[in-house]
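One structure below.
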Amino acid sequence: MGKTLIIGASGGIGGALVAACAARGEEVTGLSRRDDGFDMTDPASVAGHLDALGGPFDRVVVATGALVIDGAEPEKTIKAIDSQAMLDQFALNAVGPALVLARAHGLLPRKGRGVLAVLSARVGSIGDNRMGGWVSYRAAKAAVNQIVHTAAIELARTHQESVCVALHPGTVATPFTADYLGRHPAVTPDEAAENLLRVMDGLTPAQTGGFYDWAGKEVAW
């Protein structure tokens with residue numbers, strides 16, 4: 001039985017991951033703003049909650065994030081940029097995961113396999129961007145991909161059997177995406193959780209620092 005930490009446990013995907021890991025017999029710890037007062041945008045909150053945990057964990061998943069913050073909708077064009085809305089996106093979707101990754105060395109086992117996955121999004125891929133729009137969200141996700149890649153390089157120096165990756169869960173039918181599904185096929189949170197766990201189970205240390213989708217395929221930076 002492994003030990004798992006899910007950050008963002010009250011969200012659609014996070015909650016499904018908690019349930020899926022528990023069903024596997026794993027010992028699951030969940031953290032969320034709603035249930036635990038865990039604020040990804042507050043360094044003191046992140047440090048206080050994570051330092052109080054009884055790790056290390058075999059699996060850590062950062063399943064936090066938001067597309068709409070304080071009513072600021074994704075921009076249809078760069079002409080619609082609002083500086084505060086962009087800063088809010090970076091605070092939650094990039095800086096928050098970075099604060100968690102700053103403690104990755106203490107969250108994962110020094111010896112043996114450990115997996116740290118941060119949920120990203122395909123729209124954060126610069127190479128895959130053919131539509132424009134959604135500037136702040138895209139940029140924040142591109143930033144978190146770089147943060148994960150950098151953290152993985154540093155982590156590999158001391159945790160040679162561990163894997164640190166960014167994962168795209170696909171389009172998942174949650175309140176997060178309810179107004180933006182459009183014609184995109186979506187899966188349930190339970191399906192997304194199983195897909196993500198399958199990918200995490202198959203990752204090797206040679207893949208650390210990468211960006212992969214729900215099927216395990218590498219996503220372009």
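In the structure tokens, chains take the letters A, B, ... in the order shown, each chain's residues start at 1, and ligands count up from 1 in the order shown.
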Self-check item: Phe90 (chain A) environment, 9 Å, only C-alpha atoms, sequence neighbours closer than 6 positions dropped, as JSON, numbers by chain
Solution: {"A": [96, 136, 137, 139, 140, 141, 143, 144]}
For region 160-166 of chain A: contacts at 6 Å, only C-alpha atoms, fewer than 2 positions along chain excluded, given as a PDB file with C-alpha atoms, in the first residue's frame:
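So part_38.pdb came out as:
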ATOM      1  CA  GLY A 112      12.824   4.134  -4.388  1.00  0.00           C
ATOM      2  CA  ARG A 113      10.273   5.298  -6.918  1.00  0.00           C
ATOM      3  CA  GLY A 114       8.184   8.393  -6.348  1.00  0.00           C
ATOM      4  CA  VAL A 115       5.936  10.351  -8.717  1.00  0.00           C
ATOM      5  CA  LEU A 116       5.118  14.054  -8.536  1.00  0.00           C
ATOM      6  CA  ALA A 117       2.624  15.172 -11.166  1.00  0.00           C
ATOM      7  CA  VAL A 118       1.297  18.678 -11.777  1.00  0.00           C
ATOM      8  CA  LEU A 119      -1.866  18.996 -13.830  1.00  0.00           C
ATOM      9  CA  SER A 120      -1.237  21.318 -16.740  1.00  0.00           C
ATOM     10  CA  ALA A 152      12.615  17.766 -12.278  1.00  0.00           C
ATOM     11  CA  ALA A 156      16.911  14.041 -10.235  1.00  0.00           C
ATOM     12  CA  THR A 158      19.087  13.514  -5.257  1.00  0.00           C
ATOM     13  CA  PRO A 205      12.811   8.101 -14.412  1.00  0.00           C
ATOM     14  CA  THR A 208      11.075  12.950 -15.689  1.00  0.00           C
ATOM     15  CA  GLY A 209      10.653  16.594 -16.610  1.00  0.00           C
ATOM     16  CA  GLY A 210       8.300  15.781 -19.484  1.00  0.00           C
ATOM     17  CA  PHE A 211       4.810  16.892 -20.474  1.00  0.00           C
TER      18      PHE A 211
END
Considering only C-alpha atoms, tabulate each residue of region 68-117 of chain A that lies at most 12 Å from region 35-58 of chain A along with its nearest interatomic pair and the corresponding distance in Å to one decimal; arrange the rows by chain and ascending residue number and present them as a tab-separated table.
residue	atom	partner	partner_atom	distance
A:Leu87	CA	A:Thr41	CA	11.1
A:Asp88	CA	A:Thr41	CA	9.0
A:Gln89	CA	A:Thr41	CA	10.3
A:Phe90	CA	A:Thr41	CA	9.4
A:Ala91	CA	A:Thr41	CA	5.7
A:Leu92	CA	A:Thr41	CA	5.7
A:Asn93	CA	A:Met40	CA	8.8
A:Ala94	CA	A:Thr41	CA	9.5
A:Val95	CA	A:Thr41	CA	7.1
A:Gly96	CA	A:Met40	CA	4.6
A:Pro97	CA	A:Met40	CA	7.3
A:Ala98	CA	A:Met40	CA	9.4
A:Leu99	CA	A:Pro43	CA	6.7
A:Val100	CA	A:Val46	CA	6.8
A:Leu101	CA	A:Val46	CA	10.4
A:Ala102	CA	A:Ala47	CA	9.4
A:Arg103	CA	A:Leu50	CA	7.8
A:Ala104	CA	A:Pro56	CA	9.6
A:His105	CA	A:Pro56	CA	9.1
A:Gly106	CA	A:Pro56	CA	6.6
A:Leu107	CA	A:Pro56	CA	4.8
A:Leu108	CA	A:Pro56	CA	4.9
A:Pro109	CA	A:Pro56	CA	5.3
A:Arg110	CA	A:Pro56	CA	8.5
A:Lys111	CA	A:Pro56	CA	10.4
A:Gly112	CA	A:Asp58	CA	8.7
A:Arg113	CA	A:Asp58	CA	6.9
A:Gly114	CA	A:Asp58	CA	4.6
A:Val115	CA	A:Asp58	CA	6.3
A:Leu116	CA	A:Asp58	CA	8.4
A:Ala117	CA	A:Asp58	CA	11.2
Residues near region 16-24 of chain A, anyone? I mean within 7 Å using only C-alpha atoms, not counting same-chain ones fewer than 4 positions away, as a tab-separated table (two decimals) with C-alpha atoms, in the first residue's frame.
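Writing the result to part_21.tsv gives the following:
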chain	number	residue	atom	x	y	z
A	6	ILE	CA	-3.58	14.95	-3.57
A	9	ALA	CA	-8.66	17.27	-3.28
A	12	GLY	CA	-13.56	17.51	-9.68
A	28	VAL	CA	-4.48	9.03	0.79
A	189	PRO	CA	-13.69	13.01	-13.52
A	190	ASP	CA	-13.60	9.30	-12.64
A	193	ALA	CA	-8.51	9.97	-12.71
A	194	GLU	CA	-8.09	6.41	-13.98
Self-check item: DSSP-assigned helix (DSSP H, G or I) members of region 3-205 of chain A, reported as a count of residues only
Solution: 91
